[in-house]
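So this one's data_38.tsv, TSV, C-alpha atoms and all ligand atoms:
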```tsv
chain	number	residue	atom	x	y	z
A	1	MET	CA	96.17	94.53	111.89
A	2	GLU	CA	99.42	95.27	110.10
A	3	LEU	CA	100.46	92.94	107.31
A	4	LYS	CA	103.71	92.05	109.05
A	5	THR	CA	101.75	90.72	112.03
A	6	LEU	CA	99.25	88.89	109.85
A	7	LEU	CA	102.00	87.12	107.88
A	8	ASN	CA	104.68	87.05	110.56
A	9	ILE	CA	107.24	88.90	108.42
A	10	LYS	CA	109.62	91.78	109.17
A	11	HIS	CA	108.22	94.45	106.84
A	12	SER	CA	104.59	94.91	105.77
A	13	ILE	CA	105.41	94.28	102.12
A	14	ILE	CA	104.32	91.64	99.63
A	15	MET	CA	106.36	91.19	96.45
A	16	ALA	CA	103.29	91.10	94.21
A	17	PRO	CA	102.51	88.15	91.94
A	18	MET	CA	103.54	88.88	88.36
A	19	PHE	CA	102.57	86.74	85.39
A	20	LEU	CA	105.72	85.44	83.61
A	21	VAL	CA	108.03	87.44	85.89
A	22	THR	CA	107.83	85.97	89.40
A	23	ASN	CA	109.86	82.81	89.94
A	24	THR	CA	111.02	80.79	92.94
A	25	LYS	CA	114.43	82.54	93.06
A	26	MET	CA	112.65	85.85	93.54
A	27	ILE	CA	110.40	84.49	96.31
A	28	LEU	CA	113.43	83.05	98.14
A	29	ALA	CA	115.30	86.36	97.84
A	30	ALA	CA	112.26	88.28	99.10
A	31	ASP	CA	112.01	85.87	102.03
A	32	LYS	CA	115.62	86.61	102.97
A	33	CYS	CA	114.84	90.35	103.04
A	34	GLY	CA	111.94	89.97	105.48
A	35	ILE	CA	109.13	90.52	102.97
A	36	SER	CA	106.75	87.94	101.53
A	37	GLY	CA	106.69	86.87	97.88
A	38	CYS	CA	103.59	85.65	96.09
A	39	LEU	CA	103.90	83.15	93.24
A	40	PRO	CA	101.33	83.09	90.42
A	41	ALA	CA	100.13	79.50	89.94
A	42	HIS	CA	99.53	80.30	86.25
A	43	ASN	CA	103.28	80.80	85.67
A	44	PHE	CA	103.62	77.02	85.44
A	45	ARG	CA	102.84	74.96	82.38
A	46	ASN	CA	101.52	72.02	84.36
A	47	ILE	CA	100.72	70.91	87.90
A	48	ALA	CA	103.89	68.83	88.28
A	49	GLU	CA	106.03	71.95	87.75
A	50	PHE	CA	103.84	73.99	90.09
A	51	ARG	CA	104.06	71.32	92.79
A	52	LYS	CA	107.85	71.14	92.42
A	53	ALA	CA	108.14	74.92	92.84
A	54	ILE	CA	105.89	74.92	95.92
A	55	LYS	CA	107.94	72.13	97.47
A	56	GLU	CA	111.16	74.06	96.85
A	57	LEU	CA	109.70	77.14	98.52
A	58	LYS	CA	108.23	75.17	101.43
A	59	ASP	CA	111.62	73.56	102.03
A	60	ASN	CA	113.62	76.79	101.85
A	61	CYS	CA	111.52	79.81	102.88
A	62	LYS	CA	111.94	80.82	106.51
A	63	HIS	CA	108.75	82.90	106.54
A	64	SER	CA	105.39	82.84	104.82
A	65	PHE	CA	104.97	83.02	101.08
A	66	GLY	CA	101.75	83.13	99.07
A	67	VAL	CA	100.25	81.83	95.86
A	68	ASN	CA	98.15	83.79	93.38
A	69	VAL	CA	95.28	81.95	91.73
A	70	ILE	CA	92.95	83.00	88.97
A	71	VAL	CA	89.53	82.04	90.22
A	72	ASN	CA	87.34	82.46	87.15
A	73	ARG	CA	86.35	79.75	84.70
A	74	SER	CA	89.26	80.38	82.35
A	75	ASN	CA	91.52	78.58	84.85
A	76	PHE	CA	91.15	74.91	83.95
A	77	PHE	CA	93.72	73.89	86.57
A	78	LEU	CA	92.11	75.58	89.59
A	79	LYS	CA	91.06	72.33	91.27
A	80	GLU	CA	94.54	70.80	91.00
A	81	GLN	CA	96.23	74.05	92.02
A	82	MET	CA	94.01	74.21	95.11
A	83	LYS	CA	94.83	70.61	95.98
A	84	CYS	CA	98.52	71.45	95.91
A	85	ILE	CA	97.98	74.62	97.98
A	86	LEU	CA	96.05	72.64	100.59
A	87	ASP	CA	98.54	69.74	100.59
A	88	PHE	CA	101.42	72.12	101.31
A	89	GLN	CA	99.47	74.37	103.69
A	90	ILE	CA	100.49	77.61	101.93
A	91	SER	CA	100.13	80.65	104.24
A	92	TYR	CA	97.92	82.77	102.01
A	93	ILE	CA	96.34	83.06	98.59
A	94	ILE	CA	95.75	86.17	96.53
A	95	THR	CA	92.74	85.66	94.30
A	96	SER	CA	92.30	87.51	91.03
A	97	LEU	CA	89.78	87.76	88.20
A	98	GLY	CA	86.60	86.34	89.71
A	99	SER	CA	84.67	85.53	92.87
A	100	PRO	CA	86.80	83.95	95.62
A	101	LYS	CA	83.73	82.47	97.38
A	102	ASN	CA	84.51	78.76	96.93
A	103	ILE	CA	88.23	79.30	97.53
A	104	ILE	CA	87.57	81.10	100.82
A	105	PHE	CA	85.30	78.26	101.94
A	106	GLU	CA	88.02	75.67	101.22
A	107	CYS	CA	90.80	77.74	102.79
A	108	LYS	CA	88.91	78.61	105.98
A	109	LYS	CA	88.70	74.90	106.81
A	110	ASN	CA	92.46	74.63	106.38
A	111	ASN	CA	93.65	77.84	108.09
A	112	ILE	CA	94.89	79.39	104.86
A	113	LEU	CA	94.38	83.15	104.56
A	114	VAL	CA	92.69	84.58	101.47
A	115	PHE	CA	93.32	88.11	100.16
A	116	GLY	CA	91.07	89.31	97.36
A	117	ASP	CA	92.12	91.82	94.68
A	118	VAL	CA	89.54	94.64	94.63
A	119	VAL	CA	89.17	98.02	92.94
A	120	ASP	CA	86.12	99.43	94.77
A	121	GLU	CA	83.91	99.24	97.85
A	122	ILE	CA	81.38	96.83	96.34
A	123	HIS	CA	83.98	94.14	95.73
A	124	ALA	CA	85.76	94.81	99.02
A	125	LYS	CA	82.51	94.29	100.96
A	126	LYS	CA	81.87	91.10	99.02
A	127	VAL	CA	85.31	89.72	99.93
A	128	GLN	CA	84.71	90.56	103.60
A	129	ASP	CA	81.19	89.06	103.61
A	130	MET	CA	82.53	85.86	102.04
A	131	GLY	CA	85.02	85.57	104.92
A	132	GLY	CA	88.15	86.90	103.19
A	133	ASP	CA	91.04	87.89	105.46
A	134	ALA	CA	92.23	91.06	103.66
A	135	VAL	CA	91.68	93.01	100.47
A	136	ILE	CA	94.34	94.13	98.04
A	137	ALA	CA	93.31	97.63	96.99
A	138	VAL	CA	94.46	97.91	93.38
A	139	ASN	CA	94.73	101.58	92.48
A	140	ASN	CA	95.06	103.54	89.24
A	141	GLN	CA	98.88	103.49	89.32
A	142	ALA	CA	99.17	99.71	89.55
A	143	GLY	CA	101.01	97.67	86.95
A	144	GLY	CA	98.99	95.00	85.13
A	145	HIS	CA	95.21	95.15	85.52
A	146	LEU	CA	94.80	98.49	87.22
A	147	GLY	CA	91.96	100.12	89.15
A	148	GLN	CA	90.32	103.46	88.48
A	149	LEU	CA	90.81	105.27	91.79
A	150	SER	CA	93.94	106.83	93.26
A	151	ALA	CA	95.33	105.33	96.47
A	152	GLN	CA	94.41	108.57	98.24
A	153	VAL	CA	90.74	108.01	97.40
A	154	LEU	CA	90.60	104.22	97.38
A	155	ILE	CA	92.24	103.38	100.72
A	156	PRO	CA	90.10	105.67	102.93
A	157	ARG	CA	86.97	104.53	101.07
A	158	LEU	CA	87.72	100.86	101.66
A	159	LYS	CA	88.78	101.52	105.26
A	160	SER	CA	85.39	103.06	105.93
A	161	CYS	CA	83.44	100.07	104.64
A	162	VAL	CA	85.42	96.97	105.70
A	163	ASN	CA	87.08	95.86	108.95
A	164	ILE	CA	89.60	93.51	107.40
A	165	PRO	CA	93.11	94.82	106.51
A	166	VAL	CA	93.44	96.88	103.34
A	167	ILE	CA	96.72	96.25	101.48
A	168	SER	CA	97.63	98.89	98.92
A	169	ALA	CA	98.81	97.88	95.42
A	170	GLY	CA	100.17	100.32	92.89
A	171	GLY	CA	102.74	103.03	92.36
A	172	VAL	CA	105.09	102.44	95.30
A	173	ALA	CA	108.85	101.98	94.89
A	174	THR	CA	110.33	104.00	97.76
A	175	LYS	CA	110.15	104.35	101.54
A	176	ALA	CA	108.34	107.69	101.12
A	177	GLY	CA	105.67	105.97	99.02
A	178	PHE	CA	105.40	103.11	101.52
A	179	ASP	CA	105.01	105.56	104.43
A	180	ALA	CA	102.35	107.51	102.53
A	181	MET	CA	100.25	104.35	102.06
A	182	MET	CA	100.57	103.44	105.74
A	183	LYS	CA	99.54	106.98	106.69
A	184	LEU	CA	96.40	106.58	104.60
A	185	GLY	CA	95.52	103.56	106.72
A	186	ALA	CA	96.89	100.69	104.63
A	187	ALA	CA	97.96	97.56	106.53
A	188	GLY	CA	100.83	97.11	104.09
A	189	ILE	CA	101.72	97.27	100.41
A	190	SER	CA	101.94	94.90	97.46
A	191	VAL	CA	104.71	95.93	95.06
A	192	GLY	CA	105.20	94.57	91.54
A	193	SER	CA	106.76	96.69	88.77
A	194	PRO	CA	109.91	97.79	90.67
A	195	PHE	CA	110.87	94.09	90.90
A	196	ILE	CA	110.65	93.25	87.16
A	197	ALA	CA	114.24	94.35	86.48
A	198	CYS	CA	115.70	92.33	89.35
A	199	LEU	CA	118.71	90.09	88.90
A	200	GLU	CA	116.76	87.04	90.05
A	201	SER	CA	114.02	87.20	87.39
A	202	ASP	CA	114.32	85.08	84.24
A	203	VAL	CA	112.71	87.57	81.85
A	204	SER	CA	114.86	88.80	78.96
A	205	ILE	CA	117.48	91.50	79.30
A	206	HIS	CA	115.40	93.55	76.82
A	207	TYR	CA	112.37	93.57	79.15
A	208	LYS	CA	114.57	94.47	82.14
A	209	ASN	CA	116.36	97.22	80.21
A	210	ALA	CA	113.00	98.62	79.10
A	211	CYS	CA	112.04	98.98	82.79
A	212	VAL	CA	115.29	100.87	83.34
A	213	ASN	CA	115.09	103.08	80.26
A	214	TYR	CA	111.38	103.91	80.08
A	215	GLY	CA	109.53	105.84	82.81
A	216	ALA	CA	106.07	106.66	84.17
A	217	LYS	CA	105.22	108.82	81.15
A	218	ASP	CA	105.72	105.82	78.84
A	219	ILE	CA	103.06	103.63	80.45
A	220	VAL	CA	99.84	103.21	78.49
A	221	VAL	CA	96.69	101.20	79.16
A	222	THR	CA	95.77	98.64	76.52
A	223	LYS	CA	92.75	96.43	75.98
A	224	LYS	CA	94.57	94.40	73.35
A	225	ILE	CA	95.86	91.68	75.67
A	226	SER	CA	92.77	90.35	77.41
A	227	GLY	CA	89.99	92.83	76.75
A	228	THR	CA	90.48	94.11	80.33
A	229	PRO	CA	92.56	97.32	80.70
A	230	CYS	CA	96.20	96.44	81.36
A	231	THR	CA	99.31	98.65	81.60
A	232	VAL	CA	102.18	98.17	79.14
A	233	ILE	CA	105.27	100.10	78.13
A	234	LYS	CA	104.68	102.22	75.03
A	235	THR	CA	107.30	100.60	72.82
A	236	PRO	CA	107.33	101.34	69.08
A	237	TYR	CA	105.44	98.06	68.53
A	238	VAL	CA	102.69	98.98	71.05
A	239	ASP	CA	102.48	102.37	69.38
A	240	LYS	CA	102.08	100.69	66.01
A	241	ILE	CA	99.31	98.24	66.97
A	242	GLY	CA	97.45	100.75	69.17
A	243	THR	CA	95.76	100.10	72.51
A	244	LYS	CA	92.16	99.62	71.44
A	245	GLN	CA	90.59	96.35	70.37
A	246	ASN	CA	89.82	96.06	66.66
A	247	VAL	CA	86.19	96.20	65.50
A	248	LEU	CA	85.73	92.42	65.58
A	249	GLU	CA	87.29	92.01	69.05
A	250	ALA	CA	85.24	94.92	70.43
A	251	PHE	CA	82.04	93.45	68.97
A	252	LEU	CA	82.77	90.01	70.43
A	253	ASN	CA	83.63	91.57	73.77
A	254	THR	CA	80.22	93.21	74.04
A	255	ASN	CA	78.15	90.41	72.54
A	256	LYS	CA	76.48	88.60	75.44
A	257	ARG	CA	76.41	85.17	73.80
A	258	LEU	CA	79.89	85.19	72.35
A	259	LYS	CA	81.66	87.20	75.07
A	260	LYS	CA	83.03	84.30	77.15
A	261	ILE	CA	84.42	82.22	74.33
A	262	ALA	CA	85.77	85.32	72.56
A	263	LYS	CA	87.50	86.49	75.74
A	264	PHE	CA	89.14	83.10	76.07
A	265	PHE	CA	90.64	83.26	72.57
A	266	ILE	CA	91.62	86.93	72.83
A	267	THR	CA	93.33	86.27	76.17
A	268	TYR	CA	95.08	83.19	74.82
A	269	LYS	CA	96.43	85.22	71.89
A	270	GLY	CA	97.43	88.12	74.18
A	271	PHE	CA	99.20	85.86	76.67
A	272	SER	CA	101.21	84.13	73.90
A	273	LEU	CA	102.30	87.55	72.68
A	274	LEU	CA	103.36	88.53	76.22
A	275	LYS	CA	105.23	85.27	76.69
A	276	LYS	CA	107.26	85.67	73.50
A	277	ALA	CA	108.02	89.30	74.37
A	278	ALA	CA	109.03	88.51	77.97
A	279	PHE	CA	111.56	85.80	77.16
A	280	GLY	CA	112.61	86.34	73.56
A	281	ALA	CA	114.18	89.00	71.42
A	282	ASN	CA	111.60	89.75	68.76
A	283	TYR	CA	110.23	93.03	67.48
A	284	ARG	CA	106.79	92.45	69.05
A	285	GLN	CA	107.71	94.18	72.27
A	286	VAL	CA	104.66	94.10	74.52
A	287	TRP	CA	105.89	94.39	78.10
A	288	VAL	CA	103.57	94.70	81.09
A	289	ALA	CA	104.75	97.26	83.68
A	290	GLY	CA	103.34	100.07	85.80
A	291	GLU	CA	104.30	103.69	86.41
A	292	SER	CA	106.60	102.81	89.30
A	293	ILE	CA	109.29	101.73	86.81
A	294	GLU	CA	110.06	105.45	87.01
A	295	TYR	CA	112.26	104.57	89.99
A	296	VAL	CA	114.09	101.69	88.31
A	297	ASP	CA	117.58	102.98	87.53
A	298	LYS	CA	119.43	99.71	86.90
A	299	ILE	CA	119.10	95.95	87.14
A	300	ARG	CA	119.53	95.23	90.84
A	301	PRO	CA	119.28	92.30	93.23
A	302	ILE	CA	116.03	92.07	95.18
A	303	SER	CA	117.85	92.99	98.39
A	304	GLU	CA	118.61	96.48	96.98
A	305	ILE	CA	115.06	96.99	95.71
A	306	VAL	CA	113.71	96.12	99.16
A	307	GLU	CA	116.30	98.38	100.78
A	308	ARG	CA	114.87	101.33	98.85
A	309	LEU	CA	111.41	100.49	100.16
A	310	ILE	CA	112.40	100.37	103.78
A	311	LYS	CA	115.26	102.87	104.16
B	401	LIG	C1	104.36	92.35	84.88
B	401	LIG	C2	103.19	92.25	85.80
B	401	LIG	C3	102.46	91.07	85.87
B	401	LIG	C4	101.38	90.95	86.75
B	401	LIG	N1	100.73	89.75	86.86
B	401	LIG	C5	99.78	89.59	87.82
B	401	LIG	C6	99.20	88.31	88.03
B	401	LIG	O1	99.55	87.32	87.39
B	401	LIG	N2	98.24	88.20	88.98
B	401	LIG	C7	97.84	89.28	89.73
B	401	LIG	O2	96.97	89.12	90.60
B	401	LIG	N3	98.37	90.49	89.55
B	401	LIG	C8	99.35	90.67	88.63
B	401	LIG	N4	99.94	91.89	88.48
B	401	LIG	C9	99.57	92.99	89.40
B	401	LIG	C10	100.48	92.95	90.65
B	401	LIG	O3	100.21	91.80	91.40
B	401	LIG	C11	100.28	94.21	91.52
B	401	LIG	O4	98.92	94.42	91.80
B	401	LIG	C12	100.86	95.45	90.84
B	401	LIG	O5	102.11	95.15	90.28
B	401	LIG	C13	101.02	96.59	91.84
B	401	LIG	O6	101.40	97.76	91.19
B	401	LIG	P1	102.93	98.18	90.92
B	401	LIG	O7	103.33	97.43	89.71
B	401	LIG	O8	102.86	99.65	90.70
B	401	LIG	O9	103.72	97.82	92.13
B	401	LIG	C14	101.00	92.05	87.58
B	401	LIG	C15	101.73	93.24	87.48
B	401	LIG	C16	102.82	93.35	86.62
B	401	LIG	C17	103.60	94.62	86.57
```

If you took the structure in this file and wrote it as structure tokens, what would it be?
Ligand SMILES: Cc1cc2nc3c(=O)[nH]c(=O)nc-3n(C[C@H](O)[C@H](O)[C@H](O)COP(=O)(O)O)c2cc1C
Amino acid sequence: MELKTLLNIKHSIIMAPMFLVTNTKMILAADKCGISGCLPAHNFRNIAEFRKAIKELKDNCKHSFGVNVIVNRSNFFLKEQMKCILDFQISYIITSLGSPKNIIFECKKNNILVFGDVVDEIHAKKVQDMGGDAVIAVNNQAGGHLGQLSAQVLIPRLKSCVNIPVISAGGVATKAGFDAMMKLGAAGISVGSPFIACLESDVSIHYKNACVNYGAKDIVVTKKISGTPCTVIKTPYVDKIGTKQNVLEAFLNTNKRLKKIAKFFITYKGFSLLKKAAFGANYRQVWVAGESIEYVDKIRPISEIVERLIK
């Protein structure tokens, strides 16, 4: 089934959830263009703010919008976020970083669709067996936490092992790219990086300009932020600090007993760094983005970015 049928939208496109970047203005603009926006629950400091944002979207979106939840143990607010999602009957959830088993169980009872982020067949089958409604196939061109396989390899592989829709994430910014994914058998696409430099986002002008001025060749993969490979722009600061974890971080990351607690602190430190870089003007420029910023030529309204994807 095509994504547009599943979500009752005009084009089979999700504006992907982006930590620090996606806000309610962007979701409302996406809604107006006939695509569906997905809001990361972790972009809000507390549940009251999250609830307020969801209410605003529920009151103003004409079509379906989604929420992205982190489903592993690092998310202390998962229970309250889920309560809010159930209270407002959100159309769909994208789960990341962990097993969506309990979430799917809760959502099934309440007619909320669940799409699981996956990077290979093993995880895709798991999502299907748990009752998930679609998988987001994160490929090796995706911004943020990327996969290892190209879309050309990943989509056919997933199509051959699951019956649920396969939504492609990574590397698409144009109609030609969109068409290519659909030709490979994708039900739709989830697009992030091309939307970072949109007018509606609240990130700093420096972050937006970086998306305009840097290109695909400037994207590097770093383990510095969370221990998990993540794409960032190779700014002079990123170049200076390198992309590998230091000896202590690497040791903690592989030590079975200390791994969980270490990951928590490393991620906390990494996220604070990202937050300061996304909204401020300091020299520690660590900006998450994927190769598809290659197509970003200026700061544009979401309507123009969508136009490029569909025309
Ligand atoms: C700045 C940025 C932040 C992201 N934050 C999240 C997030 O919070 N949750 C998530 O599931 N994926 C996140 N992603 C991944 C996107 O949802 C999506 O998979 C990816 O952007 C697709 O690749 P593209 O950037 O080439 O379009 C992020 C990506 C970017 C670029």

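Distances here use only C-alpha atoms; by that measure, the residue among A:Met15, A:Gly144, A:Lys224, A:Tyr295 closest to Gly177 of chain A is A:Tyr295.
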
List the spatial neighbours of Ala48 of chain A as an MDAnalysis selection string - criterion: any atom at most 12 Å away, all atoms listed in the file, same-chain residues fewer than 6 positions off excluded. chainID A and resid 41 54:55 77 80:81 84

What are the closest atom pairs, with distances in Å to one decimal, for each residue of chain A lying within 6 Å of ligand LIG 401 (chain B), using only C-alpha atoms and all ligand atoms, rows by chain and rising residue number, as a Markdown table?
```
| residue | atom | partner | partner_atom | distance |
| --- | --- | --- | --- | --- |
| A:Ala16 | CA | B:LIG401 | O3 | 4.2 |
| A:Pro17 | CA | B:LIG401 | O3 | 4.3 |
| A:Met18 | CA | B:LIG401 | N1 | 3.3 |
| A:Phe19 | CA | B:LIG401 | O1 | 3.7 |
| A:Pro40 | CA | B:LIG401 | O1 | 5.5 |
| A:Ser96 | CA | B:LIG401 | O2 | 5.0 |
| A:Val138 | CA | B:LIG401 | O4 | 5.9 |
| A:Gln141 | CA | B:LIG401 | O8 | 5.7 |
| A:Ala142 | CA | B:LIG401 | O6 | 3.4 |
| A:Gly143 | CA | B:LIG401 | O7 | 3.6 |
| A:Gly144 | CA | B:LIG401 | C15 | 4.0 |
| A:Ala169 | CA | B:LIG401 | C13 | 4.4 |
| A:Gly170 | CA | B:LIG401 | O6 | 3.3 |
| A:Gly171 | CA | B:LIG401 | O8 | 3.8 |
| A:Val172 | CA | B:LIG401 | O9 | 5.8 |
| A:Ser190 | CA | B:LIG401 | C13 | 5.9 |
| A:Val191 | CA | B:LIG401 | O9 | 3.6 |
| A:Gly192 | CA | B:LIG401 | O5 | 3.4 |
| A:Ser193 | CA | B:LIG401 | O7 | 3.6 |
| A:Val288 | CA | B:LIG401 | C1 | 4.5 |
| A:Ala289 | CA | B:LIG401 | C17 | 4.1 |
| A:Gly290 | CA | B:LIG401 | O7 | 4.7 |
| A:Ser292 | CA | B:LIG401 | O8 | 5.1 |
```

Output C-alpha atoms of each residue in that selection to a file, as a CSV table (one decimal), keeping the file's coordinate frame.
```csv
chain,number,residue,atom,x,y,z
A,16,ALA,CA,103.3,91.1,94.2
A,17,PRO,CA,102.5,88.2,91.9
A,18,MET,CA,103.5,88.9,88.4
A,19,PHE,CA,102.6,86.7,85.4
A,40,PRO,CA,101.3,83.1,90.4
A,96,SER,CA,92.3,87.5,91.0
A,138,VAL,CA,94.5,97.9,93.4
A,141,GLN,CA,98.9,103.5,89.3
A,142,ALA,CA,99.2,99.7,89.6
A,143,GLY,CA,101.0,97.7,87.0
A,144,GLY,CA,99.0,95.0,85.1
A,169,ALA,CA,98.8,97.9,95.4
A,170,GLY,CA,100.2,100.3,92.9
A,171,GLY,CA,102.7,103.0,92.4
A,172,VAL,CA,105.1,102.4,95.3
A,190,SER,CA,101.9,94.9,97.5
A,191,VAL,CA,104.7,95.9,95.1
A,192,GLY,CA,105.2,94.6,91.5
A,193,SER,CA,106.8,96.7,88.8
A,288,VAL,CA,103.6,94.7,81.1
A,289,ALA,CA,104.8,97.3,83.7
A,290,GLY,CA,103.3,100.1,85.8
A,292,SER,CA,106.6,102.8,89.3
```

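Between atom CA of Asn43 of chain A and atom CA of Glu294 of chain A the separation is 25.6 Å.
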
Point out the residue among A:Thr243, A:Ser91, A:Ser160, A:Asn282 with the least atom-to-atom distance to Leu113 of chain A, counting all atoms listed in the file. A:Ser91

Non-local contacts of segment 100-104 of chain A (12 Å; only C-alpha atoms; under 3 positions in same chain excluded) as a PyMOL selection string: chain A and resi 68-73+78-79+81-83+85-86+92-97+107-118+123-124+126-135

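Atom CA of Lys208 of chain A to atom CA of Ala281 of chain A spans 12.0 Å [interatomic distance, one decimal].
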
Given the choices A:Thr174, A:Gln245, A:Ser168, A:Ser272, which gets closest to Thr222 of chain A if the distance is worked out from only C-alpha atoms? A:Gln245

Using only C-alpha atoms, which protein or nucleic acid residues come within 12 Å of Ser201 of chain A? Drop anything in the same chain fewer than 3 positions from it, and give the result as number ranges by chain. A: 18-30, 194-198, 204-205, 207-208, 278-279, 299-302

Find the spatial neighbours of Ser12 of chain A, counting only C-alpha atoms, within a cut-off of 10 Å - ignore same-chain residues fewer than 3 positions away - and output them as an NGL selection string. :A and (2-9 or 34-36 or 167 or 178 or 182 or 186-190 or 310)

Quick one: write out the picked residues with C-alpha atoms as a JSON list (two decimals), in the frame of the given file?
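So result-v2.json came out as:
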```json
[["chain", "number", "residue", "atom", "x", "y", "z"],
["A", 2, "GLU", "CA", 99.42, 95.27, 110.10],
["A", 3, "LEU", "CA", 100.46, 92.94, 107.31],
["A", 4, "LYS", "CA", 103.71, 92.05, 109.05],
["A", 5, "THR", "CA", 101.75, 90.72, 112.03],
["A", 6, "LEU", "CA", 99.25, 88.89, 109.85],
["A", 7, "LEU", "CA", 102.00, 87.12, 107.88],
["A", 8, "ASN", "CA", 104.68, 87.05, 110.56],
["A", 9, "ILE", "CA", 107.24, 88.90, 108.42],
["A", 34, "GLY", "CA", 111.94, 89.97, 105.48],
["A", 35, "ILE", "CA", 109.13, 90.52, 102.97],
["A", 36, "SER", "CA", 106.75, 87.94, 101.53],
["A", 167, "ILE", "CA", 96.72, 96.25, 101.48],
["A", 178, "PHE", "CA", 105.40, 103.11, 101.52],
["A", 182, "MET", "CA", 100.57, 103.44, 105.74],
["A", 186, "ALA", "CA", 96.89, 100.69, 104.63],
["A", 187, "ALA", "CA", 97.96, 97.56, 106.53],
["A", 188, "GLY", "CA", 100.83, 97.11, 104.09],
["A", 189, "ILE", "CA", 101.72, 97.27, 100.41],
["A", 190, "SER", "CA", 101.94, 94.90, 97.46],
["A", 310, "ILE", "CA", 112.40, 100.37, 103.78]]
```
